[in-house]
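A.B. asks: Structure file run.cif, mmCIF, C-alpha atoms, is pasted below:
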data_run
#
loop_
_atom_site.label_atom_id
_atom_site.label_comp_id
_atom_site.auth_asym_id
_atom_site.auth_seq_id
_atom_site.Cartn_x
_atom_site.Cartn_y
_atom_site.Cartn_z
CA MET U 408 95.70 137.08 123.08
CA GLY U 409 91.91 137.52 123.24
CA ASN U 410 92.24 138.24 119.56
CA ILE U 411 93.35 134.69 118.87
CA PHE U 412 90.15 133.31 120.38
CA LEU U 413 88.00 135.58 118.24
CA LEU U 414 90.11 134.72 115.20
CA THR U 415 89.73 131.00 115.94
CA LEU U 416 85.96 131.33 116.14
CA CYS U 417 85.78 133.21 112.83
CA MET U 418 88.08 130.68 111.18
CA GLY U 419 85.83 127.97 112.60
CA ALA U 420 82.79 129.56 110.95
CA ALA U 421 84.72 129.92 107.69
CA THR U 422 85.58 126.20 107.64
CA TYR U 423 82.21 125.05 108.96
CA LEU U 424 79.90 126.70 106.42
CA PRO U 425 81.29 125.01 103.26
CA ARG U 426 81.13 121.70 105.14
CA PHE U 427 77.64 122.07 106.54
CA LEU U 428 75.55 123.92 103.93
CA PRO U 429 75.69 121.30 101.11
CA LEU U 430 75.01 118.51 103.62
CA PHE U 431 72.01 120.40 104.92
CA PHE U 432 70.47 121.30 101.56
CA PHE U 433 71.33 118.24 99.49
CA SER U 434 70.38 115.65 102.11
CA ARG U 435 66.79 116.95 102.05
CA LYS U 436 66.35 117.21 98.29
CA GLN U 437 65.87 114.63 95.58
CA LEU U 438 68.75 115.34 93.23
CA PRO U 439 68.39 115.05 89.44
CA PRO U 440 70.10 111.90 88.08
CA TRP U 441 72.79 113.83 86.20
CA LEU U 442 73.85 115.56 89.41
CA THR U 443 74.00 112.26 91.26
CA THR U 444 76.20 110.85 88.51
CA TRP U 445 78.37 113.96 88.59
CA LEU U 446 78.74 113.77 92.37
CA ASP U 447 79.62 110.07 92.06
CA PHE U 448 82.80 111.16 90.25
CA ILE U 449 83.74 113.73 92.91
CA PRO U 450 85.56 111.35 95.33
CA VAL U 451 87.89 109.92 92.68
CA ALA U 452 88.45 113.39 91.17
CA ILE U 453 89.22 115.02 94.52
CA LEU U 454 91.58 112.25 95.62
CA SER U 455 93.52 112.37 92.38
CA SER U 456 93.73 116.18 92.44
CA LEU U 457 95.02 116.08 96.01
CA ILE U 458 97.57 113.33 95.45
CA LEU U 459 99.27 114.02 92.12
CA PRO U 460 100.33 117.67 92.63
CA ALA U 461 101.69 116.75 96.07
CA LEU U 462 103.84 114.05 94.43
CA VAL U 463 105.23 115.86 91.39
CA THR U 464 105.41 119.53 92.36
CA GLY U 465 107.23 121.38 95.09
CA GLY U 466 108.79 124.63 96.17
CA SER U 467 107.45 128.14 96.23
CA PRO U 468 106.56 129.30 93.64
CA ARG U 469 105.51 125.78 92.71
CA HIS U 470 107.40 124.01 89.98
CA LEU U 471 107.61 120.46 88.60
CA ASP U 472 109.86 118.25 90.69
CA ILE U 473 109.59 114.61 89.80
CA VAL U 474 112.73 113.30 91.49
CA THR U 475 111.31 113.05 94.99
CA PRO U 476 111.16 110.24 97.55
CA GLU U 477 107.39 110.91 97.73
CA LEU U 478 106.89 109.96 94.08
CA ALA U 479 109.35 107.06 94.22
CA ALA U 480 107.48 105.63 97.20
CA ALA U 481 104.06 106.22 95.59
CA VAL U 482 104.55 103.63 92.84
CA PRO U 483 105.15 100.59 95.08
CA THR U 484 102.51 101.90 97.50
CA LEU U 485 100.00 102.05 94.64
CA VAL U 486 100.88 98.51 93.55
CA PHE U 487 100.51 97.31 97.13
CA ALA U 488 97.08 98.97 97.41
CA LEU U 489 95.94 97.47 94.09
CA LYS U 490 97.07 93.97 95.12
CA THR U 491 95.87 93.90 98.72
CA ARG U 492 92.96 96.42 98.78
CA SER U 493 93.78 96.85 102.45
CA LEU U 494 93.69 100.39 103.84
CA GLY U 495 95.56 99.68 107.07
CA GLY U 496 98.06 97.45 105.28
CA THR U 497 98.75 100.12 102.67
CA VAL U 498 99.31 102.78 105.33
CA VAL U 499 101.85 100.61 107.17
CA ALA U 500 103.50 99.38 103.94
CA GLY U 501 103.64 102.94 102.57
CA MET U 502 105.42 104.13 105.71
CA GLY U 503 107.97 101.33 105.40
CA ILE U 504 108.50 101.93 101.70
CA TYR U 505 108.92 105.68 102.26
CA TRP U 506 111.39 105.03 105.07
CA LEU U 507 113.46 102.81 102.76
CA VAL U 508 113.26 105.21 99.82
CA GLN U 509 114.44 108.07 102.02
CA ARG U 510 117.52 106.01 102.93
CA ILE U 511 118.26 105.55 99.23
CA PHE U 512 117.71 109.22 98.39
CA SER U 513 119.87 110.61 101.16
CA MET R 1216 79.88 91.10 108.93
CA GLN R 1217 79.33 93.97 111.32
CA ALA R 1218 77.30 93.87 114.50
CA GLY R 1219 76.57 97.58 114.67
CA SER R 1220 73.20 98.39 113.19
CA VAL R 1221 73.12 100.98 110.45
CA GLU R 1222 69.64 101.98 111.65
CA LYS R 1223 70.20 103.10 115.23
CA TRP R 1224 72.80 104.07 117.80
CA ASN R 1225 74.39 101.34 119.87
CA TRP R 1226 77.80 100.55 121.32
CA ALA R 1227 78.74 98.34 118.40
CA VAL R 1228 78.39 101.28 116.01
CA ILE R 1229 80.69 103.40 118.15
CA ARG R 1230 83.20 100.56 118.54
CA GLU R 1231 83.27 99.78 114.81
CA GLY R 1232 83.56 103.42 113.80
CA ALA R 1233 86.34 104.08 116.28
CA ALA R 1234 88.23 100.90 115.35
CA ALA R 1235 88.04 101.66 111.63
CA ALA R 1236 89.38 105.19 112.08
CA TRP R 1237 92.94 104.23 113.05
CA PRO R 1238 94.57 104.80 109.63
CA ILE R 1239 93.24 108.38 109.63
CA CYS R 1240 94.44 108.96 113.19
CA LEU R 1241 97.89 107.61 112.34
CA GLY R 1242 97.99 109.90 109.32
CA TYR R 1243 97.00 112.95 111.37
CA LEU R 1244 99.57 112.28 114.08
CA PRO R 1245 102.71 113.70 112.36
CA ILE R 1246 100.80 116.67 110.93
CA GLY R 1247 99.13 117.48 114.25
CA LEU R 1248 102.49 117.24 116.02
CA ALA R 1249 104.05 119.53 113.42
CA PHE R 1250 101.20 122.00 113.78
CA GLY R 1251 101.64 122.07 117.55
CA VAL R 1252 105.36 122.74 117.19
CA VAL R 1253 104.90 125.50 114.60
CA ALA R 1254 102.04 127.14 116.51
CA GLN R 1255 103.95 127.09 119.75
CA LYS R 1256 106.94 128.71 118.02
CA ALA R 1257 104.59 131.38 116.64
CA GLY R 1258 103.63 132.25 120.21
CA LEU R 1259 100.35 130.40 120.69
CA GLY R 1260 99.66 128.86 124.07
CA LEU R 1261 98.45 125.29 124.60
CA VAL R 1262 94.84 126.38 125.09
CA GLU R 1263 94.92 128.37 121.86
CA ILE R 1264 96.51 125.49 119.95
CA GLY R 1265 93.96 123.02 121.28
CA LEU R 1266 91.04 125.33 120.65
CA MET R 1267 92.13 126.00 117.08
CA SER R 1268 92.44 122.27 116.36
CA LEU R 1269 89.02 121.64 117.89
CA VAL R 1270 87.16 124.53 116.31
CA VAL R 1271 88.84 124.90 112.92
CA PHE R 1272 89.90 121.26 112.31
CA ALA R 1273 91.55 121.97 108.95
CA GLY R 1274 95.25 121.21 108.67
CA SER R 1275 96.40 123.45 105.86
CA SER R 1276 94.28 126.41 107.03
CA GLN R 1277 95.74 126.18 110.51
CA PHE R 1278 99.32 126.13 109.22
CA ILE R 1279 98.58 129.08 106.95
CA ALA R 1280 96.85 131.02 109.75
CA VAL R 1281 99.75 130.51 112.13
CA SER R 1282 102.32 131.59 109.55
CA MET R 1283 100.18 134.62 108.62
CA LEU R 1284 99.91 135.51 112.31
CA GLY R 1285 103.67 135.26 112.57
CA ALA R 1286 104.01 137.58 109.59
CA GLY R 1287 101.69 140.08 111.29
CA ALA R 1288 98.74 139.62 108.95
CA GLY R 1289 95.39 141.12 109.90
CA PHE R 1290 92.31 139.33 111.11
CA LEU R 1291 90.24 139.55 107.93
CA PRO R 1292 92.89 138.27 105.45
CA ILE R 1293 93.39 135.18 107.63
CA VAL R 1294 89.66 134.43 107.81
CA ILE R 1295 89.21 134.97 104.05
CA THR R 1296 92.20 132.73 103.28
CA THR R 1297 90.78 130.05 105.58
CA PHE R 1298 87.46 130.26 103.78
CA THR R 1299 88.94 129.93 100.27
CA VAL R 1300 91.32 127.14 101.27
CA ASN R 1301 88.35 125.11 102.51
CA LEU R 1302 85.90 125.79 99.70
CA ARG R 1303 86.75 122.36 98.30
CA HIS R 1304 84.67 120.91 101.14
CA LEU R 1305 81.58 122.21 99.30
CA LEU R 1306 82.14 119.45 96.76
CA MET R 1307 82.81 116.78 99.38
CA SER R 1308 79.76 117.60 101.49
CA SER R 1309 77.59 117.64 98.37
CA ALA R 1310 78.70 114.10 97.57
CA LEU R 1311 78.29 112.97 101.20
CA ALA R 1312 74.76 114.38 101.49
CA VAL R 1313 73.10 111.41 99.73
CA HIS R 1314 74.18 109.20 102.60
CA LEU R 1315 72.69 111.43 105.29
CA ARG R 1316 69.06 111.39 104.19
CA SER R 1317 67.91 109.61 107.34
CA ALA R 1318 69.88 111.82 109.73
CA GLY R 1319 68.17 114.56 111.75
CA LYS R 1320 69.17 118.20 111.46
CA GLY R 1321 71.16 118.19 114.68
CA TRP R 1322 73.17 115.17 113.59
CA ILE R 1323 73.83 116.74 110.20
CA ALA R 1324 75.07 119.89 111.94
CA LEU R 1325 77.44 117.75 114.00
CA PHE R 1326 78.51 115.73 110.97
CA GLY R 1327 79.43 118.82 108.96
CA TYR R 1328 81.92 119.80 111.61
CA GLY R 1329 84.04 116.72 110.93
CA VAL R 1330 84.21 116.65 107.12
CA THR R 1331 87.86 116.53 106.05
CA ASP R 1332 89.61 115.34 102.88
CA GLU R 1333 90.51 112.10 104.62
CA SER R 1334 87.28 111.32 106.48
CA PHE R 1335 85.32 112.19 103.33
CA ALA R 1336 87.24 109.78 101.10
CA PHE R 1337 87.29 107.13 103.82
CA ASN R 1338 83.56 107.27 104.54
CA MET R 1339 82.60 107.40 100.85
CA SER R 1340 84.50 104.14 100.27
CA LEU R 1341 82.85 102.46 103.25
CA PHE R 1342 79.35 103.71 102.40
CA ARG R 1343 79.77 101.97 99.06
CA GLN R 1344 80.88 98.70 100.65
CA GLY R 1345 77.65 98.66 102.67
CA ASN R 1346 76.99 98.05 106.37
CA TRP R 1347 78.18 101.59 106.95
CA GLY R 1348 75.69 104.19 108.08
CA TRP R 1349 76.00 107.86 108.87
CA ARG R 1350 76.40 106.99 112.54
CA HIS R 1351 79.55 105.00 111.81
CA ALA R 1352 80.81 107.86 109.66
CA LEU R 1353 80.06 110.40 112.38
CA VAL R 1354 82.10 108.37 114.87
CA VAL R 1355 85.01 108.25 112.40
CA ASN R 1356 84.83 112.04 111.96
CA HIS R 1357 84.97 112.72 115.67
CA VAL R 1358 87.59 110.14 116.56
CA SER R 1359 89.77 111.68 113.82
CA ASN R 1360 89.09 115.12 115.23
CA PHE R 1361 90.19 113.95 118.65
CA ALA R 1362 93.41 112.49 117.20
CA TRP R 1363 94.06 115.82 115.47
CA PHE R 1364 93.37 117.75 118.68
CA ALA R 1365 95.50 115.47 120.87
CA SER R 1366 98.45 115.35 118.49
CA SER R 1367 98.54 119.13 118.12
CA ILE R 1368 98.53 119.48 121.93
CA ILE R 1369 101.39 116.97 122.20
CA GLY R 1370 103.24 118.89 119.50
CA GLY R 1371 102.73 122.10 121.44
CA LEU R 1372 104.00 120.46 124.61
CA GLY R 1373 107.20 118.99 123.24
CA GLY R 1374 106.82 117.76 119.70
CA SER R 1375 110.19 119.21 118.80
CA LEU R 1376 111.73 116.43 120.89
CA ILE R 1377 110.40 113.82 118.44
CA PRO R 1378 112.71 113.58 115.43
CA PRO R 1379 110.72 114.46 112.30
CA GLY R 1380 110.18 111.64 109.85
CA SER R 1381 110.45 108.82 112.39
CA PHE R 1382 109.38 105.44 110.97
CA GLY R 1383 108.31 107.07 107.70
CA ILE R 1384 105.19 108.24 109.52
CA ASP R 1385 105.05 111.34 107.31
CA TYR R 1386 103.90 109.01 104.57
CA ALA R 1387 100.92 107.57 106.46
CA LEU R 1388 98.52 110.11 105.01
CA PRO R 1389 99.72 110.01 101.38
CA ALA R 1390 99.64 106.19 101.51
CA MET R 1391 96.10 106.25 102.85
CA LEU R 1392 94.95 108.64 100.13
CA ILE R 1393 96.55 106.42 97.47
CA CYS R 1394 94.68 103.38 98.79
CA LEU R 1395 91.39 105.31 98.99
CA LEU R 1396 91.95 106.37 95.37
CA VAL R 1397 92.39 102.69 94.44
CA PHE R 1398 89.04 101.91 96.14
CA GLN R 1399 87.39 104.55 93.95
CA LEU R 1400 88.71 103.13 90.65
CA ARG R 1401 85.56 101.12 89.97
CA GLY R 1402 85.71 101.02 86.18
CA PRO R 1403 87.40 102.53 83.13
CA VAL R 1404 85.46 105.82 83.41
CA TYR R 1405 86.72 106.32 86.96
CA VAL R 1406 90.30 105.71 85.86
CA ILE R 1407 89.89 108.32 83.12
CA VAL R 1408 88.37 110.80 85.59
CA ALA R 1409 91.30 110.20 87.97
CA LEU R 1410 93.83 110.81 85.19
CA VAL R 1411 92.06 113.94 83.94
CA SER R 1412 91.78 115.31 87.47
CA GLY R 1413 95.36 114.54 88.44
CA ILE R 1414 96.89 115.98 85.29
CA ALA R 1415 94.62 119.05 85.35
CA ALA R 1416 95.46 119.60 89.02
CA VAL R 1417 99.19 119.53 88.32
CA LEU R 1418 98.84 121.97 85.41
CA VAL R 1419 96.59 124.38 87.31
CA SER R 1420 98.76 124.17 90.43
CA LEU R 1421 101.73 125.33 88.37
CA ILE R 1422 99.79 128.38 87.16
CA LEU R 1423 97.67 129.44 90.15
CA PRO R 1424 98.97 129.88 93.70
CA GLY R 1425 96.99 128.43 96.60
CA ASN R 1426 94.90 125.29 96.34
CA ALA R 1427 92.13 126.37 93.94
CA TYR R 1428 93.50 123.65 91.66
CA VAL R 1429 91.66 121.01 93.71
CA ILE R 1430 88.25 122.51 92.94
CA ILE R 1431 89.02 123.45 89.33
CA ALA R 1432 90.47 120.05 88.42
CA SER R 1433 87.79 118.08 90.28
CA VAL R 1434 84.90 119.96 88.68
CA ALA R 1435 86.47 119.58 85.22
CA ALA R 1436 87.18 115.87 85.72
CA ALA R 1437 83.75 115.04 87.20
CA THR R 1438 82.13 116.84 84.27
CA THR R 1439 84.28 114.83 81.86
CA GLY R 1440 83.12 111.69 83.65
CA LEU R 1441 79.48 112.76 83.37
CA PHE R 1442 79.75 113.24 79.60
CA LEU R 1443 81.66 109.98 79.14
CA SER R 1444 79.08 108.00 81.09
CA LYS R 1445 76.25 109.64 79.12
CA LYS R 1446 77.96 108.73 75.85
CA THR R 1447 78.74 105.16 76.75
CA GLY R 1448 75.35 104.73 78.43
CA THR R 1449 76.94 103.36 81.59
CA GLU R 1450 75.26 105.96 83.78
CA LYS R 1451 74.84 104.44 87.19
CA ARG R 1452 72.26 105.55 89.69
CA GLU R 1453 73.16 106.09 93.30
CA THR R 1454 70.86 104.68 95.96
#
Would you mind giving the structure from this file in structure tokens?
C.D. replies:
Amino acid sequence: MGNIFLLTLCMGAATYLPRFLPLFFFSRKQLPPWLTTWLDFIPVAILSSLILPALVTGGSPRHLDIVTPELAAAVPTLVFALKTRSLGGTVVAGMGIYWLVQRIFS
Amino acid sequence: MQAGSVEKWNWAVIREGAAAAWPICLGYLPIGLAFGVVAQKAGLGLVEIGLMSLVVFAGSSQFIAVSMLGAGAGFLPIVITTFTVNLRHLLMSSALAVHLRSAGKGWIALFGYGVTDESFAFNMSLFRQGNWGWRHALVVNHVSNFAWFASSIIGGLGGSLIPPGSFGIDYALPAMLICLLVFQLRGPVYVIVALVSGIAAVLVSLILPGNAYVIIASVAAATTGLFLSKKTGTEKRET
């Protein structure tokens, strides 16, 4: 199993470099305003691109699947987040909503 | 509001960072448990499971690596897959960098180790709210890493005894991401960028295998946002 240790270290390097290099270079440079504006849109873009496919696609190969408890629970969770703006509250409420929705789906 | 100084290390910073991190930890718990169970079934020992969670700290890559190992894949394909799956962090670290101007090189090296989808989105929201320095963010990163490490060890020990889906805990992470998305909707342009990114991601994900859709959709949507803000003259400067 010595192989696994070596593999883990190489995987560690492969995950570390994309995390570290931009931090290192961009934290020391004055960025042009357009790039700052562009980067300002990255959080919202990344979050949306992570969330939506996970809610409306499934299977392998991936296909559209919009009748899922995940999507059904997302709507009230989104409303709760918009109303309360509470991260912890939304996490707990989302869990409860998902638990209920799963009961309905099954 | 907060006692911990943004300017220097003190106990209050560590306390506040650790206390704020609980939604991320709760979200990691079911996934870490599941990883421990899967890895243990694939023949990894507890030390190997723990080490992988500590060193790699990337959920999807670890699941993929373990399943590739189980399928007898070679060393290089696993490392290359890990690298491509995590390329999206290039974008996240680029956006985080503005907030680490005052951090020394060593701290930046340590910070990079803990950048995940969740800690990135979480810290970006809190940086914007103010009273949140890179030290707070660093504590959040490492507390989350510990939660990931600990839950994967517990999963490796006996996670199969815990019924999957208890208390709807599988939804902790999606719910957190939804709320963090809400925090980022700071005006009409951001809503448009979110819609463009989400729809593009779904379309690309149906065409391309893997998770390249995150990068492709995010770059396209952020560029759309840049042009929209130029046109409407609502370009906002950071810091």
A.B. asks: Given only C-alpha atoms as the basis, pick out the residue of U:Ile511, U:Ile458, U:Leu438, U:Asp472 nearest to Ala1390 in chain R.
C.D. replies: U:Ile458
A.B. asks: Can you translate the PyMOL selection byres ((chain R and resi 1369) around 12) into the concrete residues it hits in this file, as a PDB file with C-alpha atoms, keeping the file's coordinate frame?
C.D. replies:
ATOM      1  CA  LEU R1244      99.570 112.280 114.080  1.00  0.00           C
ATOM      2  CA  PRO R1245     102.710 113.700 112.360  1.00  0.00           C
ATOM      3  CA  ILE R1246     100.800 116.670 110.930  1.00  0.00           C
ATOM      4  CA  GLY R1247      99.130 117.480 114.250  1.00  0.00           C
ATOM      5  CA  LEU R1248     102.490 117.240 116.020  1.00  0.00           C
ATOM      6  CA  ALA R1249     104.050 119.530 113.420  1.00  0.00           C
ATOM      7  CA  PHE R1250     101.200 122.000 113.780  1.00  0.00           C
ATOM      8  CA  GLY R1251     101.640 122.070 117.550  1.00  0.00           C
ATOM      9  CA  VAL R1252     105.360 122.740 117.190  1.00  0.00           C
ATOM     10  CA  VAL R1253     104.900 125.500 114.600  1.00  0.00           C
ATOM     11  CA  ALA R1254     102.040 127.140 116.510  1.00  0.00           C
ATOM     12  CA  GLN R1255     103.950 127.090 119.750  1.00  0.00           C
ATOM     13  CA  LEU R1261      98.450 125.290 124.600  1.00  0.00           C
ATOM     14  CA  VAL R1262      94.840 126.380 125.090  1.00  0.00           C
ATOM     15  CA  ILE R1264      96.510 125.490 119.950  1.00  0.00           C
ATOM     16  CA  GLY R1265      93.960 123.020 121.280  1.00  0.00           C
ATOM     17  CA  SER R1268      92.440 122.270 116.360  1.00  0.00           C
ATOM     18  CA  ALA R1362      93.410 112.490 117.200  1.00  0.00           C
ATOM     19  CA  TRP R1363      94.060 115.820 115.470  1.00  0.00           C
ATOM     20  CA  PHE R1364      93.370 117.750 118.680  1.00  0.00           C
ATOM     21  CA  ALA R1365      95.500 115.470 120.870  1.00  0.00           C
ATOM     22  CA  SER R1366      98.450 115.350 118.490  1.00  0.00           C
ATOM     23  CA  SER R1367      98.540 119.130 118.120  1.00  0.00           C
ATOM     24  CA  ILE R1368      98.530 119.480 121.930  1.00  0.00           C
ATOM     25  CA  GLY R1370     103.240 118.890 119.500  1.00  0.00           C
ATOM     26  CA  GLY R1371     102.730 122.100 121.440  1.00  0.00           C
ATOM     27  CA  LEU R1372     104.000 120.460 124.610  1.00  0.00           C
ATOM     28  CA  GLY R1373     107.200 118.990 123.240  1.00  0.00           C
ATOM     29  CA  GLY R1374     106.820 117.760 119.700  1.00  0.00           C
ATOM     30  CA  SER R1375     110.190 119.210 118.800  1.00  0.00           C
ATOM     31  CA  LEU R1376     111.730 116.430 120.890  1.00  0.00           C
ATOM     32  CA  ILE R1377     110.400 113.820 118.440  1.00  0.00           C
TER      33      ILE R1377
END
A.B. asks: With the file shown as input, list the residues that the PyMOL selection byres ((chain R) within 7 of (chain U)) selects, as number ranges by chain.
C.D. replies: R: 1238, 1267, 1270-1271, 1290, 1294, 1297-1298, 1301-1302, 1304-1305, 1308-1313, 1315-1316, 1323-1324, 1327-1328, 1330, 1336, 1382-1384, 1386-1387, 1390-1394, 1396-1397, 1399, 1405, 1408-1409, 1412-1413, 1416-1417, 1421, 1429, 1432-1433, 1436-1438, 1440-1441, 1450-1453
A.B. asks: In Å, rounded to a single decimal, give me how far CA of Asp1385 in chain R is from CA of Gln1344 in chain R.
C.D. replies: 28.1 Å
A.B. asks: To one decimal in Å, tell me the separation between CA of Gly1258 in chain R and CA of Thr1296 in chain R.
C.D. replies: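 The value is 20.4 Å.
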A.B. asks: Kindly give the distance, in Å, that separates CA of Ala1273 in chain R and CA of Ala1427 in chain R, rounded to a single decimal.
C.D. replies: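 Taking CA of Ala1273 in chain R and CA of Ala1427 in chain R, their separation equals 15.7 Å.
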A.B. asks: Counting all atoms listed in the file, which residue out of R:Leu1325, R:Ile1229, R:Leu1395, R:Leu1241 sits closest to Leu1341 in chain R?
C.D. replies: R:Leu1395
A.B. asks: Using the file's own x, y and z axes, so that the box edges lie along x, y and z, what centre and edge lengths in Å (one decimal) does a box around every listed atom of range 434-445 of chain U get when 5 Å is added on each side? Give it as JSON.
C.D. replies:
{"center_x": 72.1, "center_y": 114.0, "center_z": 94.2, "size_x": 22.5, "size_y": 16.4, "size_z": 25.9}
A.B. asks: Can I get range 495-511 of chain U with N, CA and C atoms filled in, as a PDB file, keeping the file's coordinate frame?
C.D. replies:
ATOM      1  N   GLY U 495      94.562  99.696 106.000  1.00  0.00           N
ATOM      2  CA  GLY U 495      95.560  99.680 107.070  1.00  0.00           C
ATOM      3  C   GLY U 495      96.893  99.146 106.590  1.00  0.00           C
ATOM      4  N   GLY U 496      96.838  98.058 105.810  1.00  0.00           N
ATOM      5  CA  GLY U 496      98.060  97.450 105.280  1.00  0.00           C
ATOM      6  C   GLY U 496      98.825  98.427 104.407  1.00  0.00           C
ATOM      7  N   THR U 497      98.090  99.175 103.566  1.00  0.00           N
ATOM      8  CA  THR U 497      98.750 100.120 102.670  1.00  0.00           C
ATOM      9  C   THR U 497      99.415 101.255 103.462  1.00  0.00           C
ATOM     10  N   VAL U 498      98.740 101.705 104.518  1.00  0.00           N
ATOM     11  CA  VAL U 498      99.310 102.780 105.330  1.00  0.00           C
ATOM     12  C   VAL U 498     100.640 102.326 105.937  1.00  0.00           C
ATOM     13  N   VAL U 499     100.641 101.118 106.525  1.00  0.00           N
ATOM     14  CA  VAL U 499     101.850 100.610 107.170  1.00  0.00           C
ATOM     15  C   VAL U 499     102.937 100.327 106.118  1.00  0.00           C
ATOM     16  N   ALA U 500     102.537  99.685 105.007  1.00  0.00           N
ATOM     17  CA  ALA U 500     103.500  99.380 103.940  1.00  0.00           C
ATOM     18  C   ALA U 500     104.068 100.677 103.352  1.00  0.00           C
ATOM     19  N   GLY U 501     103.193 101.666 103.130  1.00  0.00           N
ATOM     20  CA  GLY U 501     103.640 102.940 102.570  1.00  0.00           C
ATOM     21  C   GLY U 501     104.673 103.607 103.461  1.00  0.00           C
ATOM     22  N   MET U 502     104.448 103.545 104.775  1.00  0.00           N
ATOM     23  CA  MET U 502     105.420 104.130 105.710  1.00  0.00           C
ATOM     24  C   MET U 502     106.769 103.434 105.584  1.00  0.00           C
ATOM     25  N   GLY U 503     106.726 102.094 105.527  1.00  0.00           N
ATOM     26  CA  GLY U 503     107.970 101.330 105.400  1.00  0.00           C
ATOM     27  C   GLY U 503     108.691 101.624 104.100  1.00  0.00           C
ATOM     28  N   ILE U 504     107.910 101.662 103.006  1.00  0.00           N
ATOM     29  CA  ILE U 504     108.500 101.930 101.700  1.00  0.00           C
ATOM     30  C   ILE U 504     109.133 103.329 101.686  1.00  0.00           C
ATOM     31  N   TYR U 505     108.422 104.306 102.228  1.00  0.00           N
ATOM     32  CA  TYR U 505     108.920 105.680 102.260  1.00  0.00           C
ATOM     33  C   TYR U 505     110.205 105.760 103.086  1.00  0.00           C
ATOM     34  N   TRP U 506     110.223 105.054 104.184  1.00  0.00           N
ATOM     35  CA  TRP U 506     111.390 105.030 105.070  1.00  0.00           C
ATOM     36  C   TRP U 506     112.609 104.503 104.304  1.00  0.00           C
ATOM     37  N   LEU U 507     112.378 103.393 103.563  1.00  0.00           N
ATOM     38  CA  LEU U 507     113.460 102.810 102.760  1.00  0.00           C
ATOM     39  C   LEU U 507     113.913 103.763 101.660  1.00  0.00           C
ATOM     40  N   VAL U 508     112.940 104.324 100.939  1.00  0.00           N
ATOM     41  CA  VAL U 508     113.260 105.210  99.820  1.00  0.00           C
ATOM     42  C   VAL U 508     114.056 106.421 100.299  1.00  0.00           C
ATOM     43  N   GLN U 509     113.698 106.924 101.469  1.00  0.00           N
ATOM     44  CA  GLN U 509     114.440 108.070 102.020  1.00  0.00           C
ATOM     45  C   GLN U 509     115.902 107.714 102.276  1.00  0.00           C
ATOM     46  N   ARG U 510     116.136 106.464 102.725  1.00  0.00           N
ATOM     47  CA  ARG U 510     117.520 106.010 102.930  1.00  0.00           C
ATOM     48  C   ARG U 510     118.279 106.055 101.613  1.00  0.00           C
ATOM     49  N   ILE U 511     117.604 105.601 100.530  1.00  0.00           N
ATOM     50  CA  ILE U 511     118.260 105.550  99.230  1.00  0.00           C
ATOM     51  C   ILE U 511     118.537 106.966  98.711  1.00  0.00           C
TER      52      ILE U 511
END
